[in-house]
$ cat coords.txt   # compact mmCIF, C-alpha atoms and all ligand atoms
# COMPACT_ATOMS: atom_id res chain seq x y z
CA MET J 20 -9.42 -7.09 -31.46
CA ARG J 21 -8.73 -3.41 -30.63
CA THR J 22 -6.05 -3.02 -28.00
CA THR J 23 -5.45 0.75 -27.98
CA GLY J 24 -3.20 1.77 -25.10
CA LEU J 25 -1.90 -1.76 -24.59
CA PRO J 26 1.80 -0.89 -24.01
CA ALA J 27 0.98 1.57 -21.21
CA ARG J 28 -1.54 -0.81 -19.64
CA LYS J 29 0.86 -3.76 -19.81
CA ALA J 30 3.57 -1.66 -18.18
CA ALA J 31 1.16 -0.46 -15.48
CA HIS J 32 0.15 -4.07 -14.85
CA SER J 33 3.79 -5.12 -14.60
CA LEU J 34 4.44 -2.32 -12.05
CA LEU J 35 1.41 -3.47 -10.03
CA MET J 36 2.66 -7.07 -10.07
CA GLN J 37 6.14 -6.14 -8.85
CA ILE J 38 4.79 -3.80 -6.18
CA THR J 39 2.14 -6.13 -4.78
CA THR J 40 3.93 -9.48 -5.10
CA GLU J 41 7.65 -8.62 -4.85
CA GLY J 42 7.51 -5.69 -2.45
CA ARG J 43 9.27 -3.32 -4.87
CA LEU J 44 8.65 0.43 -4.68
CA MET J 45 7.46 2.26 -7.80
CA ALA J 46 10.28 4.85 -7.69
CA GLU J 47 12.87 2.07 -7.39
CA LEU J 48 11.35 0.19 -10.37
CA ILE J 49 11.27 3.32 -12.53
CA THR J 50 14.87 4.21 -11.61
CA ALA J 51 15.84 0.65 -12.60
CA GLY J 52 14.33 1.23 -16.08
CA ALA J 53 10.93 -0.47 -15.77
CA LEU J 54 9.37 2.03 -18.19
CA SER J 55 12.39 2.94 -20.30
CA ASP J 56 11.25 0.99 -23.40
CA LEU J 57 8.06 3.04 -23.66
CA ALA J 58 7.40 6.23 -25.61
CA PRO J 59 7.32 9.27 -23.24
CA GLU J 60 3.52 9.59 -23.35
CA ASP J 61 3.05 5.86 -22.61
CA ARG J 62 5.58 6.12 -19.77
CA ALA J 63 3.59 8.92 -18.14
CA ARG J 64 0.32 7.05 -18.74
CA ALA J 65 1.62 3.77 -17.28
CA GLN J 66 2.85 5.53 -14.16
CA ARG J 67 -0.44 7.39 -13.74
CA LEU J 68 -2.52 4.22 -14.26
CA ALA J 69 -0.49 2.26 -11.72
CA ALA J 70 -0.65 5.10 -9.17
CA ASP J 71 -4.42 5.59 -9.65
CA THR J 72 -4.99 1.84 -9.27
CA LEU J 73 -2.97 1.71 -6.04
CA ARG J 74 -4.70 4.79 -4.64
CA GLY J 75 -8.12 3.20 -5.10
CA LEU J 76 -7.07 -0.44 -4.68
CA ASP J 77 -9.26 -1.19 -1.68
CA ARG J 78 -12.28 0.30 -3.46
CA ALA J 79 -11.56 -1.70 -6.65
CA ASP J 80 -11.33 -4.89 -4.57
CA ARG J 81 -14.68 -4.13 -2.93
CA MET J 82 -16.29 -3.59 -6.31
CA LEU J 83 -14.83 -6.80 -7.70
CA LYS J 84 -15.64 -9.01 -4.72
CA PRO J 85 -19.30 -9.77 -5.53
CA TYR J 86 -18.29 -10.93 -9.04
CA LEU J 87 -15.49 -13.28 -7.93
CA LYS J 88 -16.31 -16.63 -6.28
CA LYS J 89 -12.70 -16.88 -5.06
CA ALA J 90 -9.64 -14.68 -5.32
CA PRO J 91 -7.98 -15.18 -8.75
CA PRO J 92 -4.16 -15.37 -9.10
CA PRO J 93 -2.33 -12.02 -8.67
CA HIS J 94 -1.76 -11.65 -12.44
CA VAL J 95 -5.53 -11.67 -13.02
CA MET J 96 -6.43 -9.75 -9.86
CA ASN J 97 -4.08 -6.89 -10.74
CA ALA J 98 -5.40 -6.83 -14.31
CA LEU J 99 -8.97 -6.62 -12.96
CA ARG J 100 -7.99 -3.84 -10.53
CA LEU J 101 -6.41 -1.88 -13.36
CA GLY J 102 -9.45 -2.36 -15.60
CA THR J 103 -11.85 -1.45 -12.80
CA THR J 104 -9.93 1.75 -12.06
CA GLU J 105 -10.05 2.84 -15.69
CA LEU J 106 -13.68 1.86 -16.25
CA CYS J 107 -14.74 3.72 -13.13
CA ALA J 108 -12.83 6.80 -14.25
CA GLY J 109 -15.15 6.81 -17.28
CA GLU J 110 -12.76 5.31 -19.85
CA ALA J 111 -14.53 3.72 -22.88
CA ALA J 112 -15.39 0.10 -21.97
CA HIS J 113 -14.42 -1.67 -25.20
CA GLY J 114 -10.82 -0.39 -25.19
CA VAL J 115 -10.26 -1.16 -21.50
CA VAL J 116 -11.86 -4.60 -21.56
CA ASN J 117 -10.03 -5.69 -24.73
CA ALA J 118 -6.66 -4.61 -23.35
CA ILE J 119 -7.17 -6.25 -19.96
CA VAL J 120 -8.39 -9.51 -21.54
CA GLU J 121 -5.29 -9.41 -23.74
CA ILE J 122 -3.02 -9.03 -20.67
CA VAL J 123 -4.72 -12.02 -19.00
CA SER J 124 -4.67 -14.23 -22.11
CA ARG J 125 -0.99 -13.55 -22.93
CA ASN J 126 0.05 -15.35 -19.75
CA LYS J 127 -0.10 -19.14 -20.23
CA ARG J 128 -1.07 -19.75 -16.61
CA THR J 129 -4.02 -17.37 -16.72
CA GLN J 130 -5.22 -17.52 -20.34
CA SER J 131 -8.05 -19.83 -19.33
CA MET J 132 -9.44 -16.95 -17.22
CA LYS J 133 -9.98 -14.54 -20.09
CA GLY J 134 -13.71 -15.34 -20.25
CA LEU J 135 -14.09 -14.62 -16.55
CA THR J 136 -12.09 -11.40 -16.92
CA ASN J 137 -14.28 -10.24 -19.78
CA ALA J 138 -17.50 -11.07 -17.92
CA VAL J 139 -16.41 -9.41 -14.67
CA LEU J 140 -15.25 -6.22 -16.37
CA ARG J 141 -18.52 -5.97 -18.32
CA LYS J 142 -20.34 -5.98 -14.96
CA ILE J 143 -17.97 -3.36 -13.54
CA ALA J 144 -18.51 -1.24 -16.68
CA ALA J 145 -22.27 -1.41 -16.05
CA GLU J 146 -21.72 -0.05 -12.52
CA GLY J 147 -19.30 2.57 -13.88
CA PRO J 148 -18.30 5.82 -12.15
CA GLU J 149 -21.62 5.92 -10.30
CA GLY J 150 -20.96 2.59 -8.55
CA TRP J 151 -17.39 3.68 -7.82
CA ASN J 152 -18.36 7.03 -6.29
CA ALA J 153 -21.00 5.41 -4.10
CA ARG J 154 -18.34 3.27 -2.34
CA ALA J 155 -16.49 4.27 0.84
CA VAL J 156 -13.05 5.93 0.76
CA PRO J 157 -10.36 3.23 0.26
CA LEU J 158 -8.91 1.94 3.53
CA LEU J 159 -5.22 1.37 4.18
CA PRO J 160 -4.19 -2.29 4.44
CA GLY J 161 -4.60 -3.74 7.94
CA TRP J 162 -0.88 -4.00 8.75
CA LEU J 163 -0.63 -0.20 8.64
CA ARG J 164 -4.19 0.77 9.55
CA GLN J 165 -4.07 -1.04 12.90
CA PRO J 166 -1.06 0.81 14.41
CA LEU J 167 -2.35 4.11 13.04
CA VAL J 168 -5.78 3.58 14.60
CA ALA J 169 -4.08 2.67 17.87
CA ALA J 170 -2.07 5.91 17.71
CA TRP J 171 -4.61 8.40 16.34
CA GLY J 172 -8.08 6.82 16.56
CA ARG J 173 -10.48 5.74 13.81
CA GLN J 174 -11.81 9.16 12.91
CA THR J 175 -8.35 10.65 12.34
CA VAL J 176 -7.21 7.65 10.31
CA SER J 177 -10.32 7.98 8.12
CA ALA J 178 -9.41 11.64 7.51
CA MET J 179 -5.84 10.57 6.63
CA GLU J 180 -7.22 7.97 4.20
CA ALA J 181 -9.38 10.61 2.52
CA ALA J 182 -6.24 12.76 2.10
CA HIS J 183 -4.30 9.79 0.64
CA PHE J 184 -7.12 9.13 -1.85
CA ALA J 185 -7.23 12.79 -2.87
CA SER J 186 -3.54 12.60 -3.91
CA ALA J 187 -1.20 15.61 -3.69
CA PRO J 188 -0.61 18.89 -5.51
CA LEU J 189 2.90 20.10 -6.36
CA ASP J 190 4.60 22.20 -3.67
CA LEU J 191 7.64 24.38 -4.24
CA THR J 192 10.04 26.19 -1.91
CA ALA J 193 11.30 29.54 -3.19
CA LYS J 194 15.00 30.30 -2.97
CA ALA J 195 14.19 33.92 -2.16
CA ASP J 196 10.75 35.29 -3.04
CA PRO J 197 7.61 33.09 -2.67
CA ASP J 198 5.28 35.75 -4.14
CA ALA J 199 7.37 36.06 -7.31
CA VAL J 200 7.49 32.24 -7.70
CA ALA J 201 3.72 31.98 -7.18
CA LYS J 202 3.13 34.65 -9.82
CA ALA J 203 5.46 33.00 -12.33
CA THR J 204 4.13 29.45 -11.85
CA GLY J 205 0.43 30.26 -11.37
CA GLY J 206 0.58 28.88 -7.82
CA VAL J 207 -0.59 30.20 -4.47
CA VAL J 208 1.51 30.99 -1.42
CA LEU J 209 0.57 28.75 1.53
CA PRO J 210 0.57 30.04 5.12
CA ASN J 211 4.09 28.63 5.72
CA GLY J 212 5.54 30.32 2.61
CA SER J 213 5.55 27.22 0.35
CA ILE J 214 4.04 27.65 -3.12
CA ARG J 215 1.29 25.23 -4.19
CA VAL J 216 0.68 24.61 -7.89
CA ALA J 217 -2.45 22.72 -8.96
CA ASP J 218 -2.28 20.62 -12.18
CA ALA J 219 1.39 21.48 -12.58
CA GLY J 220 2.23 19.08 -15.45
CA GLN J 221 5.92 18.60 -16.25
CA VAL J 222 7.97 20.17 -13.42
CA SER J 223 10.90 21.13 -15.65
CA GLU J 224 8.51 23.11 -17.88
CA LEU J 225 7.42 25.41 -15.03
CA ALA J 226 8.69 29.01 -15.04
CA GLY J 227 11.81 29.43 -12.94
CA TYR J 228 12.96 25.79 -13.08
CA ALA J 229 16.00 26.44 -15.27
CA ASP J 230 17.17 29.49 -13.34
CA GLY J 231 16.77 27.64 -10.02
CA SER J 232 14.47 30.10 -8.28
CA TRP J 233 12.66 27.20 -6.51
CA TRP J 234 12.81 23.48 -5.79
CA VAL J 235 10.12 20.82 -5.29
CA GLN J 236 9.40 20.23 -1.59
CA ASP J 237 6.15 19.33 0.13
CA ALA J 238 4.86 22.09 2.45
CA ALA J 239 5.29 19.78 5.47
CA ALA J 240 8.85 18.84 4.45
CA ALA J 241 9.69 22.57 4.35
CA MET J 242 8.56 23.06 7.98
CA PRO J 243 11.48 21.49 9.93
CA VAL J 244 14.14 23.98 8.82
CA LYS J 245 11.72 26.86 9.50
CA MET J 246 11.69 25.77 13.18
CA LEU J 247 15.38 26.79 13.40
CA GLY J 248 14.55 30.46 12.77
CA ASP J 249 17.41 32.57 11.38
CA VAL J 250 20.26 30.25 10.39
CA ALA J 251 22.56 32.88 8.79
CA GLY J 252 26.19 32.24 9.69
CA LEU J 253 25.52 28.97 11.54
CA ASN J 254 27.69 25.94 10.95
CA ILE J 255 25.27 23.07 10.23
CA VAL J 256 25.58 19.41 9.27
CA ASP J 257 22.62 17.80 7.49
CA LEU J 258 23.20 14.11 8.22
CA CYS J 259 20.71 12.46 5.82
CA ALA J 260 20.62 15.10 3.15
CA ALA J 261 19.57 13.68 -0.22
CA PRO J 262 17.89 14.87 -2.42
CA GLY J 263 18.77 18.11 -0.62
CA GLY J 264 15.51 19.94 0.16
CA LYS J 265 16.62 20.88 3.67
CA THR J 266 20.24 21.50 2.65
CA MET J 267 19.00 24.04 0.09
CA GLN J 268 16.75 25.77 2.63
CA LEU J 269 19.69 26.05 5.05
CA ALA J 270 22.08 27.29 2.35
CA ALA J 271 19.49 29.79 1.08
CA GLY J 272 19.18 31.03 4.68
CA GLY J 273 22.90 31.80 4.78
CA ALA J 274 24.12 28.80 6.82
CA GLN J 275 27.43 27.08 6.18
CA VAL J 276 26.22 23.55 5.42
CA THR J 277 27.81 20.12 5.16
CA ALA J 278 25.42 17.64 3.51
CA VAL J 279 26.03 13.96 4.32
CA ASP J 280 24.28 11.00 2.72
CA LEU J 281 25.05 7.30 2.43
CA SER J 282 23.85 7.04 -1.16
CA LYS J 283 26.20 8.19 -3.90
CA ARG J 284 23.36 8.11 -6.44
CA ARG J 285 21.07 10.21 -4.26
CA MET J 286 23.94 12.60 -3.43
CA ALA J 287 24.37 13.22 -7.17
CA ARG J 288 20.85 14.67 -7.06
CA VAL J 289 21.90 17.03 -4.24
CA ALA J 290 24.79 18.20 -6.44
CA GLU J 291 22.42 18.75 -9.41
CA ASN J 292 19.92 20.62 -7.23
CA LEU J 293 22.63 22.87 -5.77
CA GLN J 294 23.98 23.59 -9.21
CA ARG J 295 20.55 24.47 -10.59
CA THR J 296 19.74 26.76 -7.66
CA GLY J 297 23.24 28.27 -7.43
CA LEU J 298 23.46 27.39 -3.72
CA GLN J 299 26.59 26.17 -1.91
CA ALA J 300 27.16 23.22 0.43
CA GLU J 301 29.95 20.79 1.18
CA LEU J 302 28.92 17.29 0.05
CA VAL J 303 30.12 14.14 1.81
CA VAL J 304 29.05 10.62 0.80
CA ALA J 305 29.32 8.71 4.08
CA ASP J 306 27.46 6.71 6.67
CA ALA J 307 26.07 9.29 9.11
CA LEU J 308 27.00 6.94 11.97
CA ALA J 309 30.68 7.14 10.97
CA PHE J 310 30.71 10.85 10.09
CA ASP J 311 32.60 13.08 12.50
CA SER J 312 34.27 16.33 11.54
CA GLY J 313 33.97 18.36 14.70
CA GLN J 314 31.01 19.87 16.53
CA ARG J 315 28.46 22.16 14.86
CA ASP J 316 25.95 24.79 15.91
CA VAL J 317 23.13 22.64 14.55
CA VAL J 318 22.77 19.01 13.45
CA VAL J 319 19.84 18.24 11.16
CA LEU J 320 18.67 14.63 11.30
CA ASP J 321 15.91 13.89 8.78
CA ALA J 322 16.28 10.21 9.53
CA PRO J 323 15.49 7.27 7.22
CA CYS J 324 12.00 6.09 8.21
CA SER J 325 8.90 4.22 7.09
CA ALA J 326 7.94 7.22 4.89
CA THR J 327 4.31 6.58 5.85
CA GLY J 328 3.76 10.35 5.82
CA THR J 329 4.25 10.42 2.05
CA ILE J 330 1.49 7.99 0.95
CA ARG J 331 -0.39 10.79 -0.86
CA ARG J 332 2.55 10.91 -3.29
CA HIS J 333 3.55 7.25 -3.00
CA PRO J 334 0.37 5.13 -3.01
CA ASP J 335 2.52 2.03 -3.70
CA LEU J 336 4.06 2.14 -0.22
CA PRO J 337 1.21 0.43 1.71
CA TYR J 338 1.23 -2.44 -0.84
CA ALA J 339 4.99 -2.81 -1.32
CA LYS J 340 5.72 -2.83 2.42
CA ASP J 341 4.37 -4.85 5.31
CA GLY J 342 6.14 -3.17 8.21
CA ALA J 343 8.70 -5.98 8.58
CA GLU J 344 11.71 -3.65 8.32
CA PHE J 345 10.31 -0.84 10.46
CA GLY J 346 11.88 -2.22 13.66
CA ASP J 347 15.35 -1.98 12.05
CA LEU J 348 14.62 1.59 10.93
CA MET J 349 13.59 2.57 14.45
CA ALA J 350 16.79 1.07 15.86
CA LEU J 351 18.79 3.02 13.25
CA GLN J 352 16.98 6.26 14.16
CA GLU J 353 17.95 5.72 17.80
CA GLN J 354 21.61 5.10 16.90
CA MET J 355 21.62 8.17 14.65
CA ILE J 356 20.21 10.40 17.38
CA ASP J 357 22.90 9.19 19.80
CA HIS J 358 25.65 9.86 17.23
CA ALA J 359 24.13 13.25 16.30
CA VAL J 360 24.18 14.40 19.95
CA GLY J 361 27.96 13.99 19.96
CA LEU J 362 28.23 16.23 16.88
CA ILE J 363 26.47 19.22 18.51
CA LYS J 364 28.47 22.00 20.20
CA PRO J 365 27.55 22.67 23.83
CA GLY J 366 24.52 24.98 23.65
CA GLY J 367 23.81 23.90 20.08
CA ARG J 368 20.69 22.25 18.64
CA LEU J 369 19.49 19.01 17.07
CA LEU J 370 16.66 19.27 14.52
CA TYR J 371 15.09 15.80 14.43
CA CYS J 372 12.38 14.92 11.93
CA THR J 373 10.82 11.99 10.09
CA CYS J 374 8.19 11.83 7.32
CA SER J 375 6.36 9.16 9.31
CA LEU J 376 2.86 8.82 10.74
CA LEU J 377 4.07 6.35 13.37
CA PRO J 378 4.75 7.88 16.81
CA ASP J 379 7.50 5.24 17.32
CA GLU J 380 9.55 7.13 14.71
CA GLY J 381 8.72 10.59 16.10
CA GLU J 382 7.28 11.38 19.51
CA VAL J 383 8.61 8.14 21.06
CA GLN J 384 12.12 8.61 19.60
CA VAL J 385 12.34 12.05 21.20
CA GLU J 386 10.95 10.85 24.53
CA ASP J 387 13.53 8.02 24.57
CA ALA J 388 16.35 10.37 23.50
CA LEU J 389 15.56 12.68 26.44
CA ALA J 390 15.73 9.67 28.78
CA ARG J 391 19.12 8.59 27.37
CA HIS J 392 20.68 12.10 27.23
CA ALA J 393 20.29 14.18 30.38
CA ASN J 394 21.97 17.11 28.55
CA LEU J 395 19.10 17.46 26.01
CA THR J 396 15.92 19.50 26.38
CA VAL J 397 13.09 20.16 23.94
CA GLU J 398 12.89 23.72 22.58
CA ARG J 399 9.13 24.03 22.78
CA ASP J 400 9.26 27.74 21.86
CA ALA J 401 10.91 26.88 18.54
CA ILE J 402 7.67 25.37 17.28
CA THR J 403 6.00 28.43 15.91
CA GLY J 404 5.24 30.12 12.62
CA PRO J 405 2.42 31.15 10.33
CA GLY J 406 -0.02 28.36 9.51
CA ILE J 407 0.82 26.19 12.55
CA ALA J 408 -2.36 25.53 14.54
CA PRO J 409 -1.81 25.35 18.35
CA ASP J 410 -3.08 21.75 18.51
CA TRP J 411 -0.37 20.59 16.09
CA VAL J 412 2.16 21.13 18.91
CA THR J 413 2.51 17.89 20.86
CA ASP J 414 2.64 17.45 24.65
CA ASP J 415 6.38 16.81 24.34
CA GLY J 416 6.91 20.16 22.56
CA GLY J 417 7.32 18.77 19.03
CA LEU J 418 5.27 19.42 15.89
CA ARG J 419 2.99 16.70 14.50
CA LEU J 420 1.90 17.23 10.91
CA ARG J 421 -0.71 15.02 9.27
CA PRO J 422 -1.92 14.47 5.69
CA ASP J 423 -5.42 15.61 6.66
CA TYR J 424 -4.20 19.05 7.81
CA TRP J 425 -4.96 21.94 5.42
CA SER J 426 -7.38 19.51 3.75
CA ASP J 427 -9.32 22.35 2.11
CA GLN J 428 -6.06 23.49 0.48
CA GLY J 429 -4.87 20.04 -0.68
CA GLY J 430 -3.34 18.56 2.49
CA MET J 431 0.31 18.07 3.40
CA ASP J 432 2.70 15.18 4.04
CA GLY J 433 2.80 13.59 7.49
CA PHE J 434 5.85 14.63 9.54
CA TYR J 435 7.12 14.80 13.09
CA ILE J 436 9.54 17.60 14.02
CA ALA J 437 11.36 18.49 17.24
CA VAL J 438 14.17 20.91 18.11
CA LEU J 439 16.39 19.70 20.98
CA ARG J 440 18.93 21.91 22.80
CA LYS J 441 22.18 20.48 24.18
CA ALA J 442 23.21 21.96 27.53
CA ALA J 443 25.98 24.60 27.29
C1 LIG L 1 14.21 11.12 4.41
S1 LIG L 1 15.53 11.03 3.30
C2 LIG L 1 16.26 12.62 3.48
C3 LIG L 1 15.56 13.75 2.77
C4 LIG L 1 16.36 15.03 2.78
N1 LIG L 1 16.74 15.43 4.12
C5 LIG L 1 15.65 16.19 2.11
O1 LIG L 1 15.11 17.07 2.80
O2 LIG L 1 15.65 16.24 0.87
C6 LIG L 1 16.65 10.00 4.15
C7 LIG L 1 18.02 9.89 3.54
O3 LIG L 1 18.84 9.16 4.45
C8 LIG L 1 19.84 8.52 3.70
N2 LIG L 1 20.45 7.51 4.57
C9 LIG L 1 19.98 6.29 4.93
N3 LIG L 1 20.83 5.68 5.78
C10 LIG L 1 21.87 6.54 5.97
C11 LIG L 1 23.06 6.48 6.71
N4 LIG L 1 23.36 5.41 7.47
N5 LIG L 1 23.90 7.54 6.66
C12 LIG L 1 23.61 8.62 5.90
N6 LIG L 1 22.50 8.73 5.17
C13 LIG L 1 21.63 7.71 5.20
C14 LIG L 1 19.11 8.00 2.48
O4 LIG L 1 20.01 7.77 1.42
C15 LIG L 1 18.13 9.16 2.22
O5 LIG L 1 18.63 10.00 1.22
$ encode --input "coords.txt" --output "structure tokens"
Amino acid sequence: MRTTGLPARKAAHSLLMQITTEGRLMAELITAGALSDLAPEDRARAQRLAADTLRGLDRADRMLKPYLKKAPPPHVMNALRLGTTELCAGEAAHGVVNAIVEIVSRNKRTQSMKGLTNAVLRKIAAEGPEGWNARAVPLLPGWLRQPLVAAWGRQTVSAMEAAHFASAPLDLTAKADPDAVAKATGGVVLPNGSIRVADAGQVSELAGYADGSWWVQDAAAAMPVKMLGDVAGLNIVDLCAAPGGKTMQLAAGGAQVTAVDLSKRRMARVAENLQRTGLQAELVVADALAFDSGQRDVVVLDAPCSATGTIRRHPDLPYAKDGAEFGDLMALQEQMIDHAVGLIKPGGRLLYCTCSLLPDEGEVQVEDALARHANLTVERDAITGPGIAPDWVTDDGGLRLRPDYWSDQGGMDGFYIAVLRKAA
């Protein structure tokens, strides 16, 4: 039996199993060495196969449904999803089917289902890319879709889902000169000054990586710091700083920055990024809630959140999570805002942001913060800049970014951003 590509497919299947049945995130699994036994090309292929399967998972399930009398065990279901994704991307049927049947038959509990697996995948192969493309855009799982529909309406959520399915290009932030970075990397400069590179390949192979003339940062993630305007000479603390995208923007803008993060491992990435880009910041590994070293002109709080704004890049998130821990995150965001307010000088500012699509982590947090702190006001005028459409500014004076914005240019992450002024 030919089983070309088996190591990468087995690894992709194992990632899918851990994501969908154990609630593990793909980045966490890869950091823990899930793919480290594979050759580099198999590692990249396994990661791509798992991500593609997750991105189209709802569509694969819809295609499989008519051929399954009842839902098979997760080991088989994930193998079928993986096979369906590859077959519908036009991969040669014999190689895919043989490998998937092998994955199913190597597990004692599911080996009796290899005949079914073979038969189902043959039917999927007959439908092929044509059957796949005729199906609707994959929907988010209900646990996430419902609150998003309640917040934004069905039409907007459908547009978000289309953006998630389309995946994401690579965005860079230039240390100094966006036009020069775009020219060197073959990218284009977006309205907000970020550089977008299509089909980028290996990031470290792009021109300017070694000399640190840019860093990877989604266009939406680059927006919050831009809302502060000129930061030269300001004393700023970035309370949840790793991997350092906003710290680097602030440092490149001439601010004196202290970067705080709870995670030593993630803070090591801030140190690496600063070294590569030749930028300076003070680094402190600490719990933001316990950090206090005097009042600053600006406190940046890019708070830990559901990360639901990053599904284009992290298609595992809707399947690894079920929303159970979001209440704790929202409570932490509230505590962090309260602590951050104490760290701002009179007349200074708080830049609050989250890469979340849930208003409870954005608009509602700011509304509640204003009710708790009579000395805070929203700086509505701060929300301005090239590329920001007037209807992105919320009633409360914040900035709501969505994955379906700039859809003709490849979209952007979901974010909520607000600048709050503390009374002098
Ligand atoms: C959204 S990420 C920050 C991204 C970063 N601002 C950037 O632009 O690259 C949130 C960060 O909060 C950190 N974090 C979580 N809980 C924290 C806490 N109690 N104190 C400090 N940092 C915390 C996480 O380690 C994570 O790096």
$ closest_atom_pairs --input "coords.txt" --of "chain J" --to "ligand LIG 1 (chain L)" --cutoff "9 Å" --atoms "all atoms listed in the file" --output "tab-separated table"
residue	atom	partner	partner_atom	distance
J:Gln236	CA	L:LIG1	O2	7.8
J:Ala240	CA	L:LIG1	O1	6.7
J:Ala241	CA	L:LIG1	O1	7.9
J:Asp257	CA	L:LIG1	N1	7.2
J:Leu258	CA	L:LIG1	C12	6.0
J:Cys259	CA	L:LIG1	O3	4.0
J:Ala260	CA	L:LIG1	N1	4.0
J:Ala261	CA	L:LIG1	O5	4.1
J:Pro262	CA	L:LIG1	O2	4.2
J:Gly263	CA	L:LIG1	O2	3.9
J:Gly264	CA	L:LIG1	O2	3.8
J:Lys265	CA	L:LIG1	O1	4.2
J:Thr266	CA	L:LIG1	O1	6.8
J:Met267	CA	L:LIG1	O1	8.4
J:Gln268	CA	L:LIG1	O1	8.9
J:Ala278	CA	L:LIG1	N1	9.0
J:Val279	CA	L:LIG1	C12	6.1
J:Asp280	CA	L:LIG1	N6	3.8
J:Leu281	CA	L:LIG1	C12	4.0
J:Ser282	CA	L:LIG1	O4	4.7
J:Lys283	CA	L:LIG1	O4	8.2
J:Arg284	CA	L:LIG1	O4	8.6
J:Arg285	CA	L:LIG1	O5	6.0
J:Met286	CA	L:LIG1	O5	7.5
J:Val289	CA	L:LIG1	O2	8.1
J:Val304	CA	L:LIG1	C12	7.7
J:Ala305	CA	L:LIG1	C12	6.0
J:Asp306	CA	L:LIG1	N5	3.7
J:Ala307	CA	L:LIG1	N5	3.7
J:Leu308	CA	L:LIG1	N4	6.0
J:Ala309	CA	L:LIG1	N5	8.0
J:Phe310	CA	L:LIG1	N5	8.3
J:Val319	CA	L:LIG1	N1	8.2
J:Leu320	CA	L:LIG1	N1	7.5
J:Asp321	CA	L:LIG1	N1	5.0
J:Ala322	CA	L:LIG1	C6	5.4
J:Pro323	CA	L:LIG1	C6	4.3
J:Cys324	CA	L:LIG1	C1	6.7
J:Ala326	CA	L:LIG1	C1	7.4
J:Leu351	CA	L:LIG1	N4	7.7
J:Met355	CA	L:LIG1	N4	7.9
J:Cys372	CA	L:LIG1	C1	8.6
J:Thr373	CA	L:LIG1	C1	6.7
J:Cys374	CA	L:LIG1	C1	6.7
$ residues_around --input "coords.txt" --residues "Thr40 (chain J)" --least-positions-apart "4" --cutoff "8 Å" --atoms "only C-alpha atoms" --output "ChimeraX atom specification"
/J:36,93,339
$ residues_around --input "coords.txt" --residues "region 429-437 of chain J" --least-positions-apart "4" --cutoff "8 Å" --atoms "all atoms listed in the file" --output "PDB file with C-alpha atoms, in the coordinates of the input"
ATOM      1  CA  ALA J 182      -6.240  12.760   2.100  1.00  0.00           C
ATOM      2  CA  ALA J 185      -7.230  12.790  -2.870  1.00  0.00           C
ATOM      3  CA  ALA J 187      -1.200  15.610  -3.690  1.00  0.00           C
ATOM      4  CA  PRO J 188      -0.610  18.890  -5.510  1.00  0.00           C
ATOM      5  CA  ASP J 237       6.150  19.330   0.130  1.00  0.00           C
ATOM      6  CA  ALA J 238       4.860  22.090   2.450  1.00  0.00           C
ATOM      7  CA  ALA J 239       5.290  19.780   5.470  1.00  0.00           C
ATOM      8  CA  ALA J 240       8.850  18.840   4.450  1.00  0.00           C
ATOM      9  CA  PRO J 243      11.480  21.490   9.930  1.00  0.00           C
ATOM     10  CA  THR J 327       4.310   6.580   5.850  1.00  0.00           C
ATOM     11  CA  GLY J 328       3.760  10.350   5.820  1.00  0.00           C
ATOM     12  CA  THR J 329       4.250  10.420   2.050  1.00  0.00           C
ATOM     13  CA  ILE J 330       1.490   7.990   0.950  1.00  0.00           C
ATOM     14  CA  ARG J 331      -0.390  10.790  -0.860  1.00  0.00           C
ATOM     15  CA  LEU J 370      16.660  19.270  14.520  1.00  0.00           C
ATOM     16  CA  TYR J 371      15.090  15.800  14.430  1.00  0.00           C
ATOM     17  CA  CYS J 372      12.380  14.920  11.930  1.00  0.00           C
ATOM     18  CA  THR J 373      10.820  11.990  10.090  1.00  0.00           C
ATOM     19  CA  CYS J 374       8.190  11.830   7.320  1.00  0.00           C
ATOM     20  CA  SER J 375       6.360   9.160   9.310  1.00  0.00           C
ATOM     21  CA  LEU J 376       2.860   8.820  10.740  1.00  0.00           C
ATOM     22  CA  GLY J 381       8.720  10.590  16.100  1.00  0.00           C
ATOM     23  CA  GLU J 382       7.280  11.380  19.510  1.00  0.00           C
ATOM     24  CA  VAL J 385      12.340  12.050  21.200  1.00  0.00           C
ATOM     25  CA  VAL J 397      13.090  20.160  23.940  1.00  0.00           C
ATOM     26  CA  GLU J 398      12.890  23.720  22.580  1.00  0.00           C
ATOM     27  CA  ILE J 402       7.670  25.370  17.280  1.00  0.00           C
ATOM     28  CA  GLY J 416       6.910  20.160  22.560  1.00  0.00           C
ATOM     29  CA  GLY J 417       7.320  18.770  19.030  1.00  0.00           C
ATOM     30  CA  LEU J 418       5.270  19.420  15.890  1.00  0.00           C
ATOM     31  CA  ARG J 419       2.990  16.700  14.500  1.00  0.00           C
ATOM     32  CA  LEU J 420       1.900  17.230  10.910  1.00  0.00           C
ATOM     33  CA  ARG J 421      -0.710  15.020   9.270  1.00  0.00           C
ATOM     34  CA  PRO J 422      -1.920  14.470   5.690  1.00  0.00           C
ATOM     35  CA  ASP J 423      -5.420  15.610   6.660  1.00  0.00           C
ATOM     36  CA  TYR J 424      -4.200  19.050   7.810  1.00  0.00           C
ATOM     37  CA  TRP J 425      -4.960  21.940   5.420  1.00  0.00           C
TER      38      TRP J 425
END
$ atom_distance --input "coords.txt" --atom1 "CA of Gly102 (chain J)" --atom2 "CA of Val222 (chain J)"
28.6 Å
